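Engineer: This is the content of model_23.pdb (PDB, C-alpha atoms):
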MODEL        1
ATOM      1  CA  MET A   1     207.948 275.538 -92.983
ATOM      2  CA  ARG A   2     210.638 272.826 -93.184
ATOM      3  CA  ARG A   3     212.864 274.277 -90.496
ATOM      4  CA  PRO A   4     210.886 273.229 -87.386
ATOM      5  CA  LEU A   5     211.419 269.498 -87.954
ATOM      6  CA  PRO A   6     215.262 269.362 -87.822
ATOM      7  CA  LEU A   7     215.160 271.805 -84.913
ATOM      8  CA  PHE A   8     212.679 269.561 -83.174
ATOM      9  CA  ILE A   9     214.903 266.504 -83.703
ATOM     10  CA  VAL A  10     217.900 268.312 -82.254
ATOM     11  CA  ALA A  11     215.815 269.491 -79.302
ATOM     12  CA  VAL A  12     214.642 265.944 -78.611
ATOM     13  CA  LEU A  13     218.218 264.638 -78.838
ATOM     14  CA  LEU A  14     219.357 267.242 -76.335
ATOM     15  CA  MET A  15     216.400 266.684 -74.018
ATOM     16  CA  THR A  16     216.776 262.926 -73.648
ATOM     17  CA  GLY A  17     219.942 263.647 -71.676
ATOM     18  CA  CYS A  18     218.038 265.510 -68.944
ATOM     19  CA  GLN A  19     215.637 262.947 -67.548
ATOM     20  CA  THR A  20     215.607 263.226 -63.782
ATOM     21  CA  LEU A  21     213.866 261.477 -60.930
ATOM     22  CA  PRO A  22     210.325 262.798 -60.283
ATOM     23  CA  LYS A  23     210.270 265.026 -57.187
ATOM     24  CA  ASP A  24     208.071 262.779 -55.049
ATOM     25  CA  ALA A  25     209.711 259.454 -55.965
ATOM     26  CA  LEU A  26     211.778 259.203 -52.774
ATOM     27  CA  SER A  27     209.633 261.066 -50.279
ATOM     28  CA  LEU A  28     206.779 259.756 -48.151
ATOM     29  CA  SER A  29     203.381 260.356 -49.734
ATOM     30  CA  PRO A  30     200.265 261.197 -47.676
ATOM     31  CA  GLU A  31     198.846 257.796 -48.654
ATOM     32  CA  SER A  32     201.863 255.821 -47.440
ATOM     33  CA  LEU A  33     200.456 255.189 -43.943
ATOM     34  CA  ALA A  34     197.118 253.951 -45.307
ATOM     35  CA  GLN A  35     198.974 251.737 -47.795
ATOM     36  CA  ARG A  36     201.082 250.287 -44.985
ATOM     37  CA  GLN A  37     197.954 249.378 -43.021
ATOM     38  CA  ILE A  38     196.332 247.721 -46.042
ATOM     39  CA  GLN A  39     199.486 245.717 -46.737
ATOM     40  CA  THR A  40     200.225 244.615 -43.144
ATOM     41  CA  ARG A  41     198.728 242.067 -40.717
ATOM     42  CA  LYS A  42     199.944 241.021 -37.281
ATOM     43  CA  TYR A  43     200.006 237.445 -36.046
ATOM     44  CA  ALA A  44     200.136 236.411 -32.389
ATOM     45  CA  THR A  45     203.335 234.391 -32.464
ATOM     46  CA  THR A  46     207.030 234.992 -31.840
ATOM     47  CA  ASP A  47     208.271 232.402 -34.321
ATOM     48  CA  GLU A  48     209.327 234.609 -37.243
ATOM     49  CA  ALA A  49     210.875 231.746 -39.223
ATOM     50  CA  GLN A  50     207.648 229.794 -39.109
ATOM     51  CA  VAL A  51     205.600 232.769 -40.340
ATOM     52  CA  LEU A  52     208.114 233.259 -43.139
ATOM     53  CA  ALA A  53     207.836 229.572 -44.074
ATOM     54  CA  ALA A  54     204.034 229.890 -44.178
ATOM     55  CA  CYS A  55     204.434 232.908 -46.494
ATOM     56  CA  ALA A  56     206.787 230.935 -48.767
ATOM     57  CA  GLY A  57     204.241 228.106 -48.852
ATOM     58  CA  LEU A  58     201.461 230.549 -49.696
ATOM     59  CA  LEU A  59     203.469 232.144 -52.525
ATOM     60  CA  GLN A  60     203.908 228.647 -53.954
ATOM     61  CA  ASP A  61     200.145 228.069 -53.598
ATOM     62  CA  LEU A  62     199.671 231.250 -55.638
ATOM     63  CA  GLY A  63     201.991 230.045 -58.411
ATOM     64  CA  PHE A  64     204.968 232.281 -57.597
ATOM     65  CA  ASN A  65     208.584 231.127 -57.751
ATOM     66  CA  LEU A  66     210.910 232.435 -55.063
ATOM     67  CA  ASP A  67     213.695 234.673 -56.386
ATOM     68  CA  GLU A  68     215.451 235.548 -53.128
ATOM     69  CA  SER A  69     215.082 235.040 -49.411
ATOM     70  CA  GLU A  70     216.906 236.147 -46.256
ATOM     71  CA  THR A  71     215.502 234.602 -43.092
ATOM     72  CA  LYS A  72     217.610 236.759 -40.786
ATOM     73  CA  LEU A  73     215.891 239.922 -42.044
ATOM     74  CA  GLY A  74     212.501 238.362 -42.788
ATOM     75  CA  VAL A  75     212.629 238.874 -46.556
ATOM     76  CA  ILE A  76     211.175 236.797 -49.396
ATOM     77  CA  SER A  77     210.850 238.006 -52.974
ATOM     78  CA  ALA A  78     209.018 236.049 -55.638
ATOM     79  CA  SER A  79     207.760 236.471 -59.180
ATOM     80  CA  LYS A  80     205.836 234.822 -61.995
ATOM     81  CA  MET A  81     205.125 235.430 -65.676
ATOM     82  CA  ARG A  82     201.477 235.352 -66.725
ATOM     83  CA  SER A  83     199.297 236.273 -69.675
ATOM     84  CA  ALA A  84     198.095 239.888 -69.807
ATOM     85  CA  VAL A  85     195.554 239.341 -72.579
ATOM     86  CA  SER A  86     192.245 241.050 -71.816
ATOM     87  CA  ALA A  87     188.977 240.492 -73.672
ATOM     88  CA  GLY A  88     188.232 244.226 -73.894
ATOM     89  CA  GLN A  89     191.540 245.025 -75.583
ATOM     90  CA  ILE A  90     191.164 242.160 -78.064
ATOM     91  CA  THR A  91     187.673 243.379 -79.020
ATOM     92  CA  ALA A  92     189.015 246.900 -79.533
ATOM     93  CA  ALA A  93     191.976 245.563 -81.554
ATOM     94  CA  ILE A  94     189.639 243.606 -83.858
ATOM     95  CA  LEU A  95     187.507 246.706 -84.388
ATOM     96  CA  PHE A  96     190.599 248.803 -85.199
ATOM     97  CA  ALA A  97     191.933 246.055 -87.506
ATOM     98  CA  LEU A  98     188.632 246.037 -89.401
ATOM     99  CA  LEU A  99     189.051 249.790 -89.830
ATOM    100  CA  GLY A 100     192.527 249.121 -91.229
ATOM    101  CA  ALA A 101     194.476 250.346 -88.186
ATOM    102  CA  PRO A 102     196.222 247.429 -86.448
ATOM    103  CA  MET A 103     196.752 248.046 -82.732
ATOM    104  CA  PRO A 104     199.153 246.242 -80.378
ATOM    105  CA  THR A 105     197.510 244.604 -77.357
ATOM    106  CA  ASP A 106     198.883 243.573 -73.967
ATOM    107  CA  LYS A 107     200.469 240.142 -74.162
ATOM    108  CA  GLU A 108     202.245 239.102 -70.975
ATOM    109  CA  GLN A 109     203.147 240.386 -67.568
ATOM    110  CA  LYS A 110     205.706 239.811 -64.841
ATOM    111  CA  MET A 111     204.068 239.855 -61.424
ATOM    112  CA  ARG A 112     206.339 240.359 -58.419
ATOM    113  CA  ALA A 113     205.710 239.999 -54.711
ATOM    114  CA  SER A 114     207.835 240.685 -51.674
ATOM    115  CA  VAL A 115     206.936 239.550 -48.185
ATOM    116  CA  ILE A 116     208.639 241.156 -45.197
ATOM    117  CA  THR A 117     208.223 239.925 -41.622
ATOM    118  CA  ARG A 118     209.317 241.740 -38.481
ATOM    119  CA  PRO A 119     208.760 241.422 -34.753
ATOM    120  CA  ALA A 120     206.124 243.946 -33.629
ATOM    121  CA  GLY A 121     204.477 245.048 -30.411
ATOM    122  CA  ASP A 122     206.147 246.463 -27.294
ATOM    123  CA  ARG A 123     207.836 243.205 -26.345
ATOM    124  CA  GLY A 124     207.998 241.746 -29.833
ATOM    125  CA  GLU A 125     205.097 239.427 -29.023
ATOM    126  CA  HIS A 126     203.676 239.691 -32.547
ATOM    127  CA  ILE A 127     205.034 239.093 -36.006
ATOM    128  CA  ALA A 128     203.959 241.690 -38.548
ATOM    129  CA  VAL A 129     203.760 240.578 -42.176
ATOM    130  CA  ARG A 130     203.804 243.153 -44.965
ATOM    131  CA  VAL A 131     203.343 242.113 -48.573
ATOM    132  CA  THR A 132     203.674 244.324 -51.665
ATOM    133  CA  PHE A 133     202.914 243.465 -55.275
ATOM    134  CA  GLN A 134     203.932 245.080 -58.549
ATOM    135  CA  ARG A 135     203.699 244.174 -62.232
ATOM    136  CA  ILE A 136     205.221 245.002 -65.606
ATOM    137  CA  VAL A 137     203.098 244.472 -68.744
ATOM    138  CA  TRP A 138     204.468 243.931 -72.263
ATOM    139  CA  ASN A 139     202.379 244.191 -75.444
ATOM    140  CA  THR A 140     202.514 242.155 -78.663
ATOM    141  CA  GLN A 141     205.380 244.390 -79.872
ATOM    142  CA  ASN A 142     207.371 243.666 -76.688
ATOM    143  CA  HIS A 143     207.029 247.229 -75.422
ATOM    144  CA  VAL A 144     206.359 247.876 -71.752
ATOM    145  CA  THR A 145     202.861 249.361 -71.529
ATOM    146  CA  THR A 146     202.372 249.398 -67.767
ATOM    147  CA  SER A 147     204.669 249.213 -64.757
ATOM    148  CA  GLU A 148     202.954 249.764 -61.462
ATOM    149  CA  SER A 149     202.458 248.879 -57.818
ATOM    150  CA  LEU A 150     199.235 247.019 -57.143
ATOM    151  CA  THR A 151     197.302 249.004 -54.556
ATOM    152  CA  ASP A 152     193.760 247.573 -54.661
ATOM    153  CA  PRO A 153     192.883 246.716 -51.009
ATOM    154  CA  LYS A 154     190.930 243.644 -52.204
ATOM    155  CA  ILE A 155     194.172 242.043 -53.429
ATOM    156  CA  TYR A 156     195.686 242.355 -49.965
ATOM    157  CA  GLN A 157     192.502 241.198 -48.256
ATOM    158  CA  GLU A 158     192.559 237.984 -50.258
ATOM    159  CA  PHE A 159     196.279 237.454 -49.714
ATOM    160  CA  PHE A 160     195.928 237.656 -45.931
ATOM    161  CA  ASP A 161     192.803 235.465 -45.897
ATOM    162  CA  LYS A 162     194.874 232.864 -47.696
ATOM    163  CA  LEU A 163     197.864 233.449 -45.402
ATOM    164  CA  SER A 164     195.724 232.636 -42.344
ATOM    165  CA  LYS A 165     194.783 229.396 -44.051
ATOM    166  CA  SER A 166     198.425 228.690 -44.932
ATOM    167  CA  MET A 167     199.508 229.279 -41.307
ATOM    168  CA  PHE A 168     196.906 226.752 -40.206
ATOM    169  CA  LEU A 169     197.997 224.207 -42.821
ATOM    170  CA  GLU A 170     201.682 224.623 -41.875
ATOM    171  CA  ALA A 171     200.824 224.172 -38.200
ATOM    172  CA  GLN A 172     198.976 220.946 -39.074
ATOM    173  CA  GLU A 173     201.892 219.941 -41.344
ATOM    174  CA  ILE A 174     199.617 219.505 -44.379
TER     175      ILE A 174
ATOM    176  CA  MET B   1     219.130 272.349 -99.297
ATOM    177  CA  LYS B   2     222.416 270.421 -99.299
ATOM    178  CA  SER B   3     223.990 272.794 -96.794
ATOM    179  CA  LYS B   4     221.046 272.273 -94.466
ATOM    180  CA  VAL B   5     221.605 268.520 -94.564
ATOM    181  CA  VAL B   6     225.305 269.050 -93.813
ATOM    182  CA  VAL B   7     224.474 271.312 -90.861
ATOM    183  CA  LEU B   8     222.033 268.739 -89.547
ATOM    184  CA  LEU B   9     224.596 265.949 -89.922
ATOM    185  CA  ILE B  10     227.196 268.018 -88.077
ATOM    186  CA  LEU B  11     224.729 268.698 -85.263
ATOM    187  CA  LEU B  12     223.856 265.011 -85.118
ATOM    188  CA  SER B  13     227.475 263.906 -84.975
ATOM    189  CA  LEU B  14     228.137 266.521 -82.274
ATOM    190  CA  SER B  15     225.300 265.175 -80.176
ATOM    191  CA  VAL B  16     226.627 261.649 -80.690
ATOM    192  CA  ALA B  17     230.118 262.844 -79.770
ATOM    193  CA  GLY B  18     228.567 264.059 -76.515
ATOM    194  CA  CYS B  19     227.627 260.465 -75.767
ATOM    195  CA  ALA B  20     229.893 258.464 -73.479
ATOM    196  CA  THR B  21     232.053 255.511 -74.440
ATOM    197  CA  THR B  22     231.230 252.073 -73.056
ATOM    198  CA  GLN B  23     233.973 252.434 -70.462
ATOM    199  CA  GLU B  24     232.599 255.802 -69.328
ATOM    200  CA  ARG B  25     229.081 254.334 -69.126
ATOM    201  CA  LEU B  26     230.367 251.286 -67.262
ATOM    202  CA  PHE B  27     231.988 253.402 -64.569
ATOM    203  CA  ASP B  28     229.714 256.487 -64.777
ATOM    204  CA  SER B  29     232.997 258.375 -65.110
ATOM    205  CA  ASP B  30     231.321 261.784 -65.277
ATOM    206  CA  SER B  31     230.565 261.865 -61.558
ATOM    207  CA  SER B  32     233.028 262.411 -58.722
ATOM    208  CA  GLN B  33     233.461 259.511 -56.285
ATOM    209  CA  VAL B  34     233.889 261.782 -53.276
ATOM    210  CA  GLN B  35     230.811 263.883 -54.092
ATOM    211  CA  LEU B  36     228.684 260.782 -54.704
ATOM    212  CA  ARG B  37     229.659 259.211 -51.412
ATOM    213  CA  SER B  38     228.910 262.362 -49.518
ATOM    214  CA  MET B  39     225.397 262.779 -50.972
ATOM    215  CA  GLN B  40     224.616 259.071 -50.713
ATOM    216  CA  THR B  41     225.845 258.458 -47.160
ATOM    217  CA  ARG B  42     224.558 259.372 -43.684
ATOM    218  CA  THR B  43     225.675 258.119 -40.292
ATOM    219  CA  PHE B  44     223.471 257.196 -37.359
ATOM    220  CA  ASP B  45     224.383 256.882 -33.679
ATOM    221  CA  THR B  46     223.584 253.192 -33.314
ATOM    222  CA  ARG B  47     225.419 249.890 -33.685
ATOM    223  CA  ASP B  48     222.346 247.737 -34.270
ATOM    224  CA  LYS B  49     222.925 246.670 -37.871
ATOM    225  CA  GLU B  50     220.039 244.209 -38.088
ATOM    226  CA  LYS B  51     217.476 246.661 -36.715
ATOM    227  CA  THR B  52     218.774 249.359 -39.070
ATOM    228  CA  LEU B  53     218.465 247.003 -42.045
ATOM    229  CA  ARG B  54     214.904 246.141 -41.030
ATOM    230  CA  THR B  55     214.115 249.860 -40.751
ATOM    231  CA  VAL B  56     215.637 250.488 -44.182
ATOM    232  CA  ILE B  57     213.417 247.719 -45.587
ATOM    233  CA  SER B  58     210.238 249.150 -44.053
ATOM    234  CA  THR B  59     211.139 252.681 -45.187
ATOM    235  CA  LEU B  60     211.624 251.424 -48.750
ATOM    236  CA  GLN B  61     208.223 249.720 -48.512
ATOM    237  CA  ASP B  62     206.652 252.957 -47.271
ATOM    238  CA  LEU B  63     208.141 254.700 -50.314
ATOM    239  CA  GLY B  64     206.409 252.191 -52.599
ATOM    240  CA  PHE B  65     209.370 249.903 -53.310
ATOM    241  CA  VAL B  66     209.158 246.139 -53.623
ATOM    242  CA  ILE B  67     212.180 244.463 -51.997
ATOM    243  CA  ASP B  68     214.268 242.451 -54.481
ATOM    244  CA  LYS B  69     216.864 240.992 -52.133
ATOM    245  CA  ALA B  70     218.557 241.466 -48.796
ATOM    246  CA  ASP B  71     221.677 240.119 -47.096
ATOM    247  CA  ALA B  72     222.117 240.482 -43.339
ATOM    248  CA  VAL B  73     225.821 239.576 -43.291
ATOM    249  CA  LEU B  74     226.864 241.962 -46.044
ATOM    250  CA  GLY B  75     224.280 244.488 -44.839
ATOM    251  CA  THR B  76     222.610 245.187 -48.190
ATOM    252  CA  VAL B  77     219.053 245.670 -49.438
ATOM    253  CA  SER B  78     217.970 246.155 -53.070
ATOM    254  CA  ALA B  79     214.493 247.258 -54.095
ATOM    255  CA  THR B  80     212.530 248.430 -57.132
ATOM    256  CA  LYS B  81     209.734 250.973 -57.447
ATOM    257  CA  LEU B  82     207.480 250.912 -60.516
ATOM    258  CA  ASN B  83     205.173 253.834 -61.198
ATOM    259  CA  ASN B  84     205.288 253.981 -64.983
ATOM    260  CA  TYR B  85     208.970 254.630 -64.342
ATOM    261  CA  ALA B  86     211.431 252.326 -62.647
ATOM    262  CA  VAL B  87     213.639 253.336 -59.720
ATOM    263  CA  ARG B  88     216.069 250.732 -58.450
ATOM    264  CA  MET B  89     217.842 251.344 -55.194
ATOM    265  CA  THR B  90     220.545 249.561 -53.205
ATOM    266  CA  VAL B  91     221.129 250.468 -49.565
ATOM    267  CA  THR B  92     224.137 249.252 -47.597
ATOM    268  CA  VAL B  93     224.634 249.419 -43.824
ATOM    269  CA  ARG B  94     228.144 249.225 -42.377
ATOM    270  CA  LEU B  95     229.653 249.695 -38.939
ATOM    271  CA  ARG B  96     231.527 252.980 -38.734
ATOM    272  CA  GLY B  97     233.969 253.814 -35.930
ATOM    273  CA  ASP B  98     233.023 252.528 -32.470
ATOM    274  CA  THR B  99     229.605 254.094 -32.046
ATOM    275  CA  GLN B 100     228.060 254.564 -35.476
ATOM    276  CA  LEU B 101     226.577 252.953 -38.540
ATOM    277  CA  ALA B 102     226.977 254.342 -42.043
ATOM    278  CA  VAL B 103     223.991 253.966 -44.365
ATOM    279  CA  ARG B 104     224.648 254.440 -48.053
ATOM    280  CA  ALA B 105     222.059 254.455 -50.826
ATOM    281  CA  ASN B 106     222.470 254.578 -54.577
ATOM    282  CA  ALA B 107     219.685 254.700 -57.133
ATOM    283  CA  GLN B 108     218.986 254.577 -60.826
ATOM    284  CA  TYR B 109     215.990 256.110 -62.534
ATOM    285  CA  ASN B 110     215.033 254.167 -65.695
ATOM    286  CA  ILE B 111     218.440 254.072 -67.412
ATOM    287  CA  GLN B 112     220.049 257.022 -65.632
ATOM    288  CA  PRO B 113     222.035 257.190 -62.409
ATOM    289  CA  VAL B 114     220.438 259.435 -59.779
ATOM    290  CA  THR B 115     222.953 262.163 -59.005
ATOM    291  CA  GLU B 116     220.807 264.891 -57.419
ATOM    292  CA  PRO B 117     221.603 265.396 -53.706
ATOM    293  CA  GLU B 118     217.918 266.361 -53.105
ATOM    294  CA  SER B 119     216.681 262.880 -54.011
ATOM    295  CA  TYR B 120     219.005 261.195 -51.517
ATOM    296  CA  GLN B 121     218.162 263.837 -48.938
ATOM    297  CA  GLN B 122     214.456 262.945 -49.302
ATOM    298  CA  PHE B 123     215.249 259.276 -48.792
ATOM    299  CA  PHE B 124     217.266 259.962 -45.647
ATOM    300  CA  VAL B 125     214.538 262.244 -44.259
ATOM    301  CA  ALA B 126     212.098 259.328 -44.584
ATOM    302  CA  LEU B 127     214.641 256.906 -43.054
ATOM    303  CA  GLU B 128     215.404 259.277 -40.172
ATOM    304  CA  LYS B 129     211.720 259.365 -39.207
ATOM    305  CA  ALA B 130     211.533 255.581 -39.144
ATOM    306  CA  MET B 131     214.827 255.243 -37.229
ATOM    307  CA  PHE B 132     213.826 257.776 -34.539
ATOM    308  CA  LEU B 133     217.440 258.960 -34.907
ATOM    309  CA  THR B 134     219.121 261.906 -36.570
ATOM    310  CA  ALA B 135     221.001 261.297 -39.782
ATOM    311  CA  HIS B 136     224.428 262.919 -39.726
ATOM    312  CA  GLN B 137     226.214 264.055 -42.839
ATOM    313  CA  ALA B 138     229.243 261.774 -43.066
ATOM    314  CA  ASP B 139     232.591 263.482 -43.568
TER     315      ASP B 139
ENDMDL
END
Mind turning this structure into structure tokens?

Structural biologist:
Amino acid sequence: MRRPLPLFIVAVLLMTGCQTLPKDALSLSPESLAQRQIQTRKYATTDEAQVLAACAGLLQDLGFNLDESETKLGVISASKMRSAVSAGQITAAILFALLGAPMPTDKEQKMRASVITRPAGDRGEHIAVRVTFQRIVWNTQNHVTTSESLTDPKIYQEFFDKLSKSMFLEAQEI
Amino acid sequence: MKSKVVVLLILLSLSVAGCATTQERLFDSDSSQVQLRSMQTRTFDTRDKEKTLRTVISTLQDLGFVIDKADAVLGTVSATKLNNYAVRMTVTVRLRGDTQLAVRANAQYNIQPVTEPESYQQFFVALEKAMFLTAHQAD
């Protein structure tokens, strides 16, 4: 009965060397077109730099700090650290603690955004803006518990509502 | 019982001996430079570097990546995809000969380099569609 454990350890040691990329990681998924539409809006202007500046202003409104930008390619990337504490998890953790089984809970998260602008339309008479968000969550033991793209359409709806406002404010130089 | 422990220790030390030194890790010395370049590079019949870079960026977005940084002069784009794993990718675009551009991509999956030709092939298939151009195997 004791043999399986050492064998198991050796098997695990050997297996950790063979992690490979999941098959679909670098191929287009059926949802990618729908995602693109949710994450993109077009604005009737040809001034790409001004749209990009409005996006930078909006990211600041939303509490992000800019990490990188490249105006020539219409790229801004930004991030912020925020709390990831949720009431539900805390309640569960207290219950488990009362039962004598302490449970780590989510503590903080890094939220990242990248905004890409590009000329769109047949004669480049529009500027298309595409934003994508992702986050990494750490728990109280500093382990990563979640790393994901944010895909909820409501997030993107709100972002673009705010971007329209930001474009207006920039135009009025407020 | 003692002999079992010895056998286990030997197995353990063997598996550790299979691990690379820091220098080998630093330079990923187990892979061939020529082979890597060939699986990671495709050429396209265009000279429009900026448009190609913008297409690379939108392809990466379609694949679920968030763009980390880009540089138009150097012709580079880096991006990260998180899906309970992390894939980080850097794509470079360079002029090649008088009529072509060479696009090269390299990726890491969590803490491993991506060395399967199929993965890069998938990326270039997606890029090809967005470029409306055929990707040629570079020689």

Engineer: Which residue is closest to Phe168 in chain A? Choose from A:Gln39, A:Ala87, A:Lys23, A:Gln50 and count only C-alpha atoms.

Structural biologist: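 Of the candidates, the smallest distance to Phe168 in chain A is held by A:Gln50.
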
Engineer: Nearest to Phe65 in chain B among A:Phe159, A:Tyr43, A:Phe133, A:Phe96, with distances taken over all atoms listed in the file: which residue is it?

Structural biologist: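 Among the listed residues, the smallest separation from Phe65 in chain B belongs to A:Phe133.
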
Engineer: Edge lengths and centre in Å to one decimal, as JSON, of the axis-aligned box that encloses all listed atoms of range 53-71 of chain A with 4 Å added on every side?

Structural biologist:
{"center_x": 208.3, "center_y": 232.1, "center_z": -50.8, "size_x": 25.2, "size_y": 16.1, "size_z": 23.3}

Engineer: Between CA of Phe64 in chain A and CA of Asp106 in chain A, what distance in Å does the model show, to one decimal?

Structural biologist: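 The value is 20.8 Å.
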
Engineer: Up to 8 Å from chain B, what residues of chain A turn up? Count all atoms listed in the file and give them as a count of residues only.

Structural biologist: 36

Engineer: How would you write, as number ranges by chain, the residues chosen by the PyMOL selection byres ((chain B and resi 23-35) around 10) on this structure?

Structural biologist: B: 19-22, 36-40, 112-113, 115, 117, 139

Engineer: Written as number ranges by chain, which residues does the PyMOL selection byres ((chain A and resi 79) around 8) give for the file shown?

Structural biologist: A: 64-67, 77-78, 80-81, 110-113

Engineer: Using CA of Gln37 in chain A and CA of Pro119 in chain A as the two end points, give the distance in Å to one decimal.

Structural biologist: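 CA of Pro119 in chain A lies at a distance of 15.8 Å from CA of Gln37 in chain A.
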
Engineer: List as a ChimeraX atom specification the protein and nucleic acid residues near His136 in chain B, meaning an atom at most 9 Å away when all atoms listed in the file are counted, but skip any in the same chain fewer than 4 places from it.

Structural biologist: /B:41-45

Engineer: As an exercise, work out the distance from CA of Ser166 in chain A to CA of Leu150 in chain A in Å and give it to one decimal place.

Structural biologist: 22.0 Å

Engineer: Check the smallest atom-to-atom distance from each of B:Val56, B:Met131, B:Ser3, B:Gln137 to Val93 in chain B using only C-alpha atoms, then report the winner.

Structural biologist: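 For Val93 in chain B, the nearest of the candidates is B:Val56.
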
Engineer: Which is closer to Thr134 in chain B than all the others in B:Thr90, B:Ser78, B:Gln100, B:Asp48, using all atoms listed in the file?

Structural biologist: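 Closest to Thr134 in chain B, using all atoms listed in the file: B:Gln100.
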
Engineer: A:Ile90, A:Ile38, A:Leu163, A:Leu169: which is nearest Met103 in chain A, counting all atoms listed in the file?

Structural biologist: A:Ile90

Engineer: Could you tell me which residues the PyMOL selection byres ((chain A and resi 117) around 6) returns for this structure, as a ChimeraX atom specification?

Structural biologist: /A:74,116,118,128-129

Engineer: Give me, as a PyMOL selection string, all polymer residues having an atom no more than 12 Å from Glu170 in chain A, counting all atoms listed in the file and skipping those fewer than 2 positions away in the same chain.

Structural biologist: chain A and resi 49-58+163-168+172-174

Engineer: When you get a chance, write out N, CA and C atoms for range 72-85 of chain A, as a short mmCIF file (atom, residue, chain, number, x, y, z; two decimals), keeping the file's coordinate frame.

Structural biologist:
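Generated file (out-v9.cif):
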data_model
loop_
_atom_site.label_atom_id
_atom_site.label_comp_id
_atom_site.auth_asym_id
_atom_site.auth_seq_id
_atom_site.Cartn_x
_atom_site.Cartn_y
_atom_site.Cartn_z
N LYS A 72 217.15 235.92 -41.89
CA LYS A 72 217.61 236.76 -40.79
C LYS A 72 216.94 238.13 -40.78
N LEU A 73 216.53 238.60 -41.97
CA LEU A 73 215.89 239.92 -42.04
C LEU A 73 214.41 239.79 -42.38
N GLY A 74 213.92 238.57 -42.49
CA GLY A 74 212.50 238.36 -42.79
C GLY A 74 212.12 238.82 -44.18
N VAL A 75 212.89 238.42 -45.19
CA VAL A 75 212.63 238.87 -46.56
C VAL A 75 212.43 237.69 -47.50
N ILE A 76 211.35 237.74 -48.29
CA ILE A 76 211.18 236.80 -49.40
C ILE A 76 210.77 237.61 -50.60
N SER A 77 211.39 237.39 -51.77
CA SER A 77 210.85 238.01 -52.97
C SER A 77 210.59 236.92 -54.00
N ALA A 78 209.49 237.09 -54.73
CA ALA A 78 209.02 236.05 -55.64
C ALA A 78 208.43 236.69 -56.88
N SER A 79 208.34 235.92 -57.96
CA SER A 79 207.76 236.47 -59.18
C SER A 79 207.16 235.36 -60.03
N LYS A 80 206.34 235.76 -61.00
CA LYS A 80 205.84 234.82 -62.00
C LYS A 80 205.49 235.59 -63.27
N MET A 81 205.54 234.86 -64.39
CA MET A 81 205.12 235.43 -65.68
C MET A 81 203.72 234.90 -65.96
N ARG A 82 202.83 235.78 -66.40
CA ARG A 82 201.48 235.35 -66.72
C ARG A 82 200.98 236.10 -67.96
N SER A 83 199.90 235.59 -68.53
CA SER A 83 199.30 236.27 -69.68
C SER A 83 198.70 237.60 -69.23
N ALA A 84 198.72 238.61 -70.13
CA ALA A 84 198.10 239.89 -69.81
C ALA A 84 196.99 240.19 -70.82
N VAL A 85 196.58 239.15 -71.54
CA VAL A 85 195.55 239.34 -72.58
C VAL A 85 194.22 239.66 -71.91
#
